[in-house]
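J.: Just so it is clear, I am handing over model_14.txt, which has compact mmCIF, C-alpha atoms and all ligand atoms.
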# COMPACT_ATOMS: atom_id res chain seq x y z
CA MET A 7 166.12 118.04 144.40
CA ILE A 8 163.54 116.13 142.36
CA ASN A 9 164.99 113.40 140.15
CA MET A 10 162.92 111.44 137.66
CA ILE A 11 164.06 108.14 136.21
CA TRP A 12 162.40 106.13 133.49
CA ALA A 13 162.93 104.12 130.33
CA MET A 14 161.03 104.85 127.11
CA ASP A 15 161.22 103.69 123.54
CA GLU A 16 161.42 105.76 120.36
CA ASN A 17 157.65 106.52 120.61
CA ASN A 18 157.88 107.64 124.28
CA LEU A 19 156.25 104.34 125.28
CA VAL A 20 156.77 103.47 128.98
CA GLY A 21 154.19 100.79 129.81
CA LYS A 22 151.89 98.02 128.68
CA GLY A 23 149.02 97.55 131.14
CA ASP A 24 150.77 97.51 134.50
CA LYS A 25 154.01 96.12 133.05
CA ILE A 26 157.15 97.39 131.35
CA PRO A 27 156.94 96.56 127.60
CA TRP A 28 160.48 95.12 127.40
CA HIS A 29 162.90 93.17 129.51
CA ILE A 30 166.35 94.73 129.36
CA LYS A 31 168.51 93.44 132.16
CA GLU A 32 171.23 96.08 131.83
CA ASP A 33 168.61 98.84 132.24
CA LEU A 34 167.20 97.17 135.36
CA ILE A 35 170.71 97.01 136.82
CA TYR A 36 171.25 100.69 135.96
CA TYR A 37 167.85 101.64 137.46
CA LYS A 38 168.62 99.75 140.65
CA SER A 39 172.06 101.35 140.96
CA LYS A 40 170.40 104.78 140.96
CA THR A 41 167.34 104.12 143.12
CA LYS A 42 168.51 101.56 145.70
CA GLY A 43 167.85 102.90 149.20
CA GLN A 44 166.56 106.22 147.87
CA ILE A 45 163.42 108.09 148.89
CA VAL A 46 161.00 107.45 146.02
CA LEU A 47 157.60 108.61 144.81
CA MET A 48 155.32 106.33 142.79
CA GLY A 49 151.67 106.01 141.83
CA ASP A 50 149.60 103.32 143.44
CA THR A 51 149.40 101.36 140.16
CA THR A 52 153.19 101.13 140.00
CA TYR A 53 153.34 100.22 143.70
CA TYR A 54 150.91 97.29 143.26
CA SER A 55 152.77 96.13 140.16
CA LEU A 56 156.10 96.13 142.02
CA ARG A 57 154.53 94.52 145.09
CA GLY A 58 153.29 91.68 142.85
CA TYR A 59 156.82 91.24 141.60
CA TYR A 60 158.60 91.40 144.99
CA LYS A 61 155.80 89.47 146.79
CA ASP A 62 156.65 89.33 150.53
CA LYS A 63 160.05 90.99 150.18
CA PRO A 64 160.63 94.71 150.83
CA LEU A 65 160.98 96.90 147.75
CA PRO A 66 164.63 97.99 147.34
CA TYR A 67 164.09 101.64 148.25
CA GLY A 68 164.26 103.82 151.32
CA LYS A 69 161.02 105.58 152.21
CA ILE A 70 158.23 105.21 149.63
CA TYR A 71 155.70 107.96 148.95
CA ILE A 72 152.64 106.54 147.20
CA ALA A 73 150.39 108.94 145.30
CA THR A 74 146.65 108.34 145.13
CA ILE A 75 143.59 110.53 144.90
CA ASP A 76 141.59 108.05 147.00
CA LYS A 77 141.72 109.57 150.50
CA ASN A 78 140.44 106.26 151.95
CA LEU A 79 143.42 104.35 150.60
CA ALA A 80 146.15 103.77 153.19
CA ILE A 81 148.81 101.24 152.20
CA ASN A 82 150.89 99.70 154.96
CA ASP A 83 152.66 96.54 153.86
CA GLY A 84 154.78 96.14 157.01
CA LEU A 85 157.85 95.78 154.78
CA ASN A 86 158.70 99.33 153.72
CA GLU A 87 158.29 102.75 155.27
CA ILE A 88 155.36 104.17 153.31
CA GLU A 89 153.63 107.54 153.35
CA MET A 90 150.55 108.28 151.27
CA VAL A 91 150.44 111.42 149.12
CA TYR A 92 146.88 112.58 148.48
CA ASP A 93 147.74 116.01 147.10
CA LEU A 94 150.59 115.39 144.70
CA ILE A 95 151.13 118.94 143.46
CA SER A 96 151.35 120.43 146.98
CA PHE A 97 153.73 117.64 147.93
CA LEU A 98 156.02 118.26 144.93
CA LYS A 99 156.09 121.99 145.67
CA THR A 100 157.41 121.41 149.17
CA VAL A 101 160.01 118.67 148.56
CA ASN A 102 163.30 119.82 150.13
CA PHE A 103 165.19 116.51 150.01
CA ASP A 104 166.47 114.17 147.30
CA LEU A 105 163.38 112.52 145.83
CA TRP A 106 163.31 109.98 143.00
CA VAL A 107 160.13 109.80 140.94
CA VAL A 108 159.84 106.23 139.67
CA GLY A 109 156.51 106.17 137.83
CA GLY A 110 154.22 105.38 136.37
CA ALA A 111 152.96 107.30 133.38
CA THR A 112 150.48 109.48 135.31
CA ILE A 113 152.90 110.38 138.06
CA TYR A 114 155.69 111.16 135.55
CA LYS A 115 153.38 113.52 133.68
CA LEU A 116 152.30 115.38 136.84
CA SER A 117 155.84 115.54 138.26
CA LEU A 118 157.69 116.67 135.15
CA PRO A 119 157.16 120.44 135.71
CA PHE A 120 158.83 120.11 139.14
CA ALA A 121 161.76 117.90 138.16
CA ASP A 122 165.37 119.13 138.37
CA ARG A 123 167.03 116.09 136.85
CA LEU A 124 165.78 113.62 134.24
CA TYR A 125 167.49 110.24 134.06
CA ILE A 126 166.15 108.95 130.76
CA SER A 127 166.98 105.53 129.35
CA PHE A 128 166.17 105.80 125.65
CA VAL A 129 165.33 102.23 124.65
CA LYS A 130 166.19 101.61 121.02
CA GLY A 131 163.42 100.54 118.65
CA THR A 132 159.65 100.54 119.09
CA HIS A 133 157.50 98.24 121.21
CA GLU A 134 153.84 97.44 121.91
CA GLY A 135 152.06 99.09 124.81
CA ASP A 136 149.59 101.73 125.93
CA ARG A 137 151.24 104.10 128.47
CA TYR A 138 153.29 106.98 127.12
CA PHE A 139 155.53 109.69 128.49
CA PRO A 140 154.33 113.18 127.43
CA GLN A 141 156.31 115.33 125.00
CA ILE A 142 159.35 116.88 126.67
CA ASP A 143 160.54 120.42 125.98
CA TYR A 144 164.25 119.64 125.82
CA SER A 145 165.12 123.35 125.52
CA LYS A 146 164.52 123.54 129.30
CA TYR A 147 167.30 121.01 129.99
CA LYS A 148 170.95 120.47 129.31
CA LEU A 149 172.31 117.02 128.50
CA THR A 150 175.10 116.57 131.07
CA TRP A 151 175.90 112.88 130.73
CA GLU A 152 175.28 110.01 128.33
CA ASN A 153 176.33 106.45 127.77
CA ASN A 154 175.40 104.46 124.71
CA THR A 155 175.01 100.68 124.46
CA ASP A 156 173.54 98.48 121.72
CA LEU A 157 170.16 98.48 123.48
CA VAL A 158 169.85 101.76 125.37
CA ARG A 159 171.10 105.35 125.37
CA TYR A 160 171.40 106.34 129.05
CA THR A 161 171.19 110.08 129.66
CA LEU A 162 171.02 112.72 132.34
CA PHE A 163 169.30 116.02 131.56
CA GLU A 164 169.54 118.86 134.10
CA ARG A 165 167.07 121.72 134.19
CA VAL A 166 168.47 125.07 133.06
CA MET A 167 165.22 127.12 133.15
N1 LIG B 1 159.24 102.62 131.65
C1 LIG B 1 159.43 102.98 132.91
O1 LIG B 1 160.51 103.43 133.29
C2 LIG B 1 158.31 102.80 133.90
C3 LIG B 1 158.51 103.00 135.28
C4 LIG B 1 157.43 102.84 136.15
C5 LIG B 1 156.19 102.48 135.64
N2 LIG B 1 156.04 102.28 134.31
C6 LIG B 1 154.75 101.89 133.72
O2 LIG B 1 153.78 102.89 133.97
C7 LIG B 1 152.48 102.26 133.92
C8 LIG B 1 151.70 102.69 135.15
O3 LIG B 1 151.35 104.04 135.00
P1 LIG B 1 149.90 104.54 135.40
O4 LIG B 1 149.74 105.91 134.87
O5 LIG B 1 148.90 103.50 134.97
O6 LIG B 1 149.92 104.48 136.99
P2 LIG B 1 150.76 105.28 138.10
O7 LIG B 1 151.30 106.54 137.53
O8 LIG B 1 151.67 104.33 138.78
O9 LIG B 1 149.64 105.59 139.16
C9 LIG B 1 148.48 106.28 138.78
C10 LIG B 1 147.73 106.66 140.04
O10 LIG B 1 148.23 107.81 140.62
C11 LIG B 1 147.20 108.43 141.34
N3 LIG B 1 147.07 109.84 140.99
C12 LIG B 1 146.68 110.37 139.83
N4 LIG B 1 146.65 111.72 139.92
C13 LIG B 1 147.00 112.03 141.18
C14 LIG B 1 147.13 113.25 141.88
N5 LIG B 1 146.90 114.43 141.30
N6 LIG B 1 147.51 113.22 143.15
C15 LIG B 1 147.75 112.04 143.75
N7 LIG B 1 147.64 110.85 143.12
C16 LIG B 1 147.27 110.84 141.85
C17 LIG B 1 145.90 107.75 140.97
O11 LIG B 1 145.62 106.88 142.03
P3 LIG B 1 144.07 106.45 142.42
O12 LIG B 1 143.52 105.80 141.20
O13 LIG B 1 144.28 105.50 143.57
O14 LIG B 1 143.40 107.67 142.81
C18 LIG B 1 146.28 106.98 139.74
O15 LIG B 1 145.52 105.80 139.58
C19 LIG B 1 152.73 100.75 133.87
O16 LIG B 1 152.59 100.30 132.55
C20 LIG B 1 154.19 100.64 134.32
O17 LIG B 1 154.80 99.46 133.81
C21 LIG B 1 157.08 102.45 133.45
Translate the structure described by the file into structure tokens.
T.:
Amino acid sequence: MINMIWAMDENNLVGKGDKIPWHIKEDLIYYKSKTKGQIVLMGDTTYYSLRGYYKDKPLPYGKIYIATIDKNLAINDGLNEIEMVYDLISFLKTVNFDLWVVGGATIYKLSLPFADRLYISFVKGTHEGDRYFPQIDYSKYKLTWENNTDLVRYTLFERVM
């Protein structure tokens, strides 16, 4: 099962440089409740951004798959179990376990065709930034859960076709 989880604003904005364009604590708590201890996939840009944030502490996931197209890049931080993914599409085709795709923009775009479940946090309003989520064909998914707060509409879409 391939799960994707992300937050985007009303323009599908997800990032500003290597950062998230907003700071919404309730969404971070929600994100952590879903991804803590899970097997995750992320791009190297997102990994370095998170590593800068967590410094010498382990990231709060189980195994981490890091996608890169640089076959000479091997990340081993001694803090997390890490496996490099050099051929992302082949990897996604063969996933037979619960995987959580946690960004960033490039990896979301490439993973979307393979995703079974989309955990989307729709952040209310518009923000400044430069990384966007691609257009989603919602006819391929069914909304199976939602929870609305003043700041965010939390949703789960499950693939139907
Ligand atoms: N709003 C959210 O929920 C959320 C969550 C996470 C991240 N973000 C944001 O997303 C942004 C980062 O996104 P990003 O697109 O710059 O970086 P990214 O998706 O984290 O990583 C991009 C990297 O993935 C690698 N890659 C690209 N195509 C590949 C392929 N076919 N196979 C294997 N690896 C491949 C490349 O690595 P090489 O260059 O090493 O080849 C590329 O540089 C930041 O602004 C971050 O804050 C937002």
J.: How many Å lie between atom C17 of ligand LIG 1 (chain B) and atom CA of Ser55 of chain A, rounded to one decimal?
T.: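 Computing it gives 13.5 Å between the two atoms.
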J.: Could the residues of chain A that have an atom at most 6 Å from ligand LIG 1 (chain B) be listed as JSON lines, each with its closest atom pair and the distance in Å to one decimal, counting all atoms listed in the file and ordered by chain and ascending residue number?
T.:
{"residue": "A:Trp12", "atom": "CA", "partner": "B:LIG1", "partner_atom": "O1", "distance": 3.3}
{"residue": "A:Ala13", "atom": "CA", "partner": "B:LIG1", "partner_atom": "O1", "distance": 3.9}
{"residue": "A:Met14", "atom": "CA", "partner": "B:LIG1", "partner_atom": "N1", "distance": 5.4}
{"residue": "A:Val20", "atom": "CA", "partner": "B:LIG1", "partner_atom": "N1", "distance": 3.7}
{"residue": "A:Gly21", "atom": "CA", "partner": "B:LIG1", "partner_atom": "O16", "distance": 3.2}
{"residue": "A:Lys22", "atom": "CA", "partner": "B:LIG1", "partner_atom": "O16", "distance": 4.5}
{"residue": "A:Gly23", "atom": "CA", "partner": "B:LIG1", "partner_atom": "O16", "distance": 4.7}
{"residue": "A:Asp24", "atom": "CA", "partner": "B:LIG1", "partner_atom": "C19", "distance": 3.8}
{"residue": "A:Lys25", "atom": "CA", "partner": "B:LIG1", "partner_atom": "O17", "distance": 3.5}
{"residue": "A:Ile26", "atom": "CA", "partner": "B:LIG1", "partner_atom": "O17", "distance": 4.0}
{"residue": "A:Met48", "atom": "CA", "partner": "B:LIG1", "partner_atom": "O8", "distance": 5.8}
{"residue": "A:Gly49", "atom": "CA", "partner": "B:LIG1", "partner_atom": "O9", "distance": 3.4}
{"residue": "A:Asp50", "atom": "CA", "partner": "B:LIG1", "partner_atom": "O9", "distance": 4.8}
{"residue": "A:Thr51", "atom": "CA", "partner": "B:LIG1", "partner_atom": "O8", "distance": 4.0}
{"residue": "A:Thr52", "atom": "CA", "partner": "B:LIG1", "partner_atom": "O8", "distance": 3.7}
{"residue": "A:Ala73", "atom": "CA", "partner": "B:LIG1", "partner_atom": "N7", "distance": 4.0}
{"residue": "A:Thr74", "atom": "CA", "partner": "B:LIG1", "partner_atom": "N7", "distance": 3.4}
{"residue": "A:Ile75", "atom": "CA", "partner": "B:LIG1", "partner_atom": "O14", "distance": 3.5}
{"residue": "A:Asp76", "atom": "CA", "partner": "B:LIG1", "partner_atom": "O14", "distance": 4.6}
{"residue": "A:Tyr92", "atom": "CA", "partner": "B:LIG1", "partner_atom": "C15", "distance": 4.8}
{"residue": "A:Asp93", "atom": "CA", "partner": "B:LIG1", "partner_atom": "N6", "distance": 4.8}
{"residue": "A:Leu94", "atom": "CA", "partner": "B:LIG1", "partner_atom": "N6", "distance": 4.1}
{"residue": "A:Val108", "atom": "CA", "partner": "B:LIG1", "partner_atom": "C4", "distance": 5.4}
{"residue": "A:Gly109", "atom": "CA", "partner": "B:LIG1", "partner_atom": "C4", "distance": 3.8}
{"residue": "A:Gly110", "atom": "CA", "partner": "B:LIG1", "partner_atom": "O7", "distance": 3.3}
{"residue": "A:Ala111", "atom": "CA", "partner": "B:LIG1", "partner_atom": "O4", "distance": 3.8}
{"residue": "A:Thr112", "atom": "CA", "partner": "B:LIG1", "partner_atom": "O4", "distance": 3.7}
{"residue": "A:Ile113", "atom": "CA", "partner": "B:LIG1", "partner_atom": "O7", "distance": 4.2}
{"residue": "A:Arg137", "atom": "CA", "partner": "B:LIG1", "partner_atom": "O16", "distance": 5.7}
J.: Identify, on the basis of all atoms listed in the file, every residue whose closest approach to Trp28 of chain A does not exceed 12 Å; exclude the query and any residue fewer than 3 positions from it along the same chain; express the result as a list in words.
T.: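 In the requested form, the answer reads Ala13, Met14, Asp15, Leu19, Val20, Gly21, Lys22, Lys25, Lys31, Glu32, Asp33, Leu34, Val129, Lys130, Gly131, Thr132, His133, Glu134, Gly135, Leu157 and Val158 of chain A.
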J.: Could you tell me how far atom CA of Tyr125 of chain A lies from atom CA of Leu47 of chain A, in Å and to one decimal?
T.: 14.7 Å
J.: Rounded to one decimal in Å, what is the spacing between atom CA of Leu79 of chain A and atom CA of Pro66 of chain A?
T.: 22.4 Å
J.: Ranking A:Ile126, A:Leu56, A:Ile88, A:Ala80 by minimum distance to Tyr37 of chain A and counting only C-alpha atoms, which one comes first?
T.: A:Ile126
J.: For each of A:Asn78, A:Asn86, A:Met167, A:Ile35, take the minimum atom-to-atom distance to Arg57 of chain A, counting only C-alpha atoms, then give the residue where this is smallest.
T.: A:Asn86
J.: For Met90 of chain A, which residue among A:Phe120, A:Lys69, A:Trp151, A:Gln44 is the nearest when counting only C-alpha atoms?
T.: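 Of A:Phe120, A:Lys69, A:Trp151, A:Gln44, the one nearest Met90 of chain A is A:Lys69, counting only C-alpha atoms.
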J.: Which residue out of A:Leu124, A:Val107, A:Leu116, A:Ile8 has the minimum interatomic distance to Ile95 of chain A when all atoms listed in the file are used?
T.: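 Of A:Leu124, A:Val107, A:Leu116, A:Ile8, the one nearest Ile95 of chain A, counting all atoms listed in the file, is A:Leu116.
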J.: Please rebuild segment 80-111 of chain A with N, CA and C atoms and return the result as a CSV table (one decimal), in the frame of the given file.
T.:
chain,number,residue,atom,x,y,z
A,80,ALA,N,145.0,103.7,152.4
A,80,ALA,CA,146.2,103.8,153.2
A,80,ALA,C,146.9,102.4,153.1
A,81,ILE,N,148.0,102.5,152.4
A,81,ILE,CA,148.8,101.2,152.2
A,81,ILE,C,149.9,101.1,153.3
A,82,ASN,N,149.9,100.0,154.0
A,82,ASN,CA,150.9,99.7,155.0
A,82,ASN,C,151.2,98.2,154.8
A,83,ASP,N,152.3,97.9,154.2
A,83,ASP,CA,152.7,96.5,153.9
A,83,ASP,C,153.5,95.9,154.9
A,84,GLY,N,154.0,96.7,155.9
A,84,GLY,CA,154.8,96.1,157.0
A,84,GLY,C,156.2,95.8,156.6
A,85,LEU,N,156.5,96.1,155.3
A,85,LEU,CA,157.8,95.8,154.8
A,85,LEU,C,158.7,97.0,154.5
A,86,ASN,N,158.0,98.1,154.1
A,86,ASN,CA,158.7,99.3,153.7
A,86,ASN,C,158.1,100.5,154.5
A,87,GLU,N,158.9,101.5,154.7
A,87,GLU,CA,158.3,102.8,155.3
A,87,GLU,C,157.5,103.4,154.2
A,88,ILE,N,156.2,103.6,154.4
A,88,ILE,CA,155.4,104.2,153.3
A,88,ILE,C,154.6,105.4,153.8
A,89,GLU,N,154.5,106.4,153.0
A,89,GLU,CA,153.6,107.5,153.4
A,89,GLU,C,152.8,107.8,152.1
A,90,MET,N,151.5,108.0,152.4
A,90,MET,CA,150.6,108.3,151.3
A,90,MET,C,150.6,109.8,150.9
A,91,VAL,N,150.5,110.0,149.6
A,91,VAL,CA,150.4,111.4,149.1
A,91,VAL,C,149.1,111.6,148.4
A,92,TYR,N,148.2,112.4,149.0
A,92,TYR,CA,146.9,112.6,148.5
A,92,TYR,C,146.8,113.8,147.6
A,93,ASP,N,147.7,114.8,147.9
A,93,ASP,CA,147.7,116.0,147.1
A,93,ASP,C,149.1,116.1,146.5
A,94,LEU,N,149.3,115.6,145.3
A,94,LEU,CA,150.6,115.4,144.7
A,94,LEU,C,151.3,116.7,144.4
A,95,ILE,N,150.5,117.7,143.9
A,95,ILE,CA,151.1,118.9,143.5
A,95,ILE,C,151.7,119.7,144.7
A,96,SER,N,150.9,119.8,145.8
A,96,SER,CA,151.4,120.4,147.0
A,96,SER,C,152.6,119.7,147.5
A,97,PHE,N,152.6,118.4,147.5
A,97,PHE,CA,153.7,117.6,147.9
A,97,PHE,C,155.0,118.0,147.1
A,98,LEU,N,154.8,118.0,145.8
A,98,LEU,CA,156.0,118.3,144.9
A,98,LEU,C,156.6,119.7,145.1
A,99,LYS,N,155.7,120.6,145.4
A,99,LYS,CA,156.1,122.0,145.7
A,99,LYS,C,156.9,122.2,146.9
A,100,THR,N,156.8,121.2,147.9
A,100,THR,CA,157.4,121.4,149.2
A,100,THR,C,158.6,120.5,149.4
A,101,VAL,N,158.9,119.6,148.4
A,101,VAL,CA,160.0,118.7,148.6
A,101,VAL,C,161.3,119.4,148.8
A,102,ASN,N,162.0,119.2,149.9
A,102,ASN,CA,163.3,119.8,150.1
A,102,ASN,C,164.4,118.8,150.5
A,103,PHE,N,164.2,117.6,149.8
A,103,PHE,CA,165.2,116.5,150.0
A,103,PHE,C,165.3,115.8,148.6
A,104,ASP,N,166.3,114.9,148.6
A,104,ASP,CA,166.5,114.2,147.3
A,104,ASP,C,165.4,113.2,147.1
A,105,LEU,N,164.5,113.4,146.1
A,105,LEU,CA,163.4,112.5,145.8
A,105,LEU,C,163.6,111.9,144.4
A,106,TRP,N,163.2,110.7,144.3
A,106,TRP,CA,163.3,110.0,143.0
A,106,TRP,C,161.9,109.6,142.6
A,107,VAL,N,161.5,110.1,141.5
A,107,VAL,CA,160.1,109.8,140.9
A,107,VAL,C,160.3,108.6,140.0
A,108,VAL,N,159.6,107.5,140.4
A,108,VAL,CA,159.8,106.2,139.7
A,108,VAL,C,158.6,105.7,139.0
A,109,GLY,N,157.6,106.6,138.7
A,109,GLY,CA,156.5,106.2,137.8
A,109,GLY,C,155.2,106.0,138.6
A,110,GLY,N,154.2,105.7,137.8
A,110,GLY,CA,154.2,105.4,136.4
A,110,GLY,C,153.9,106.6,135.5
A,111,ALA,N,153.2,106.3,134.4
A,111,ALA,CA,153.0,107.3,133.4
A,111,ALA,C,152.3,108.6,133.9
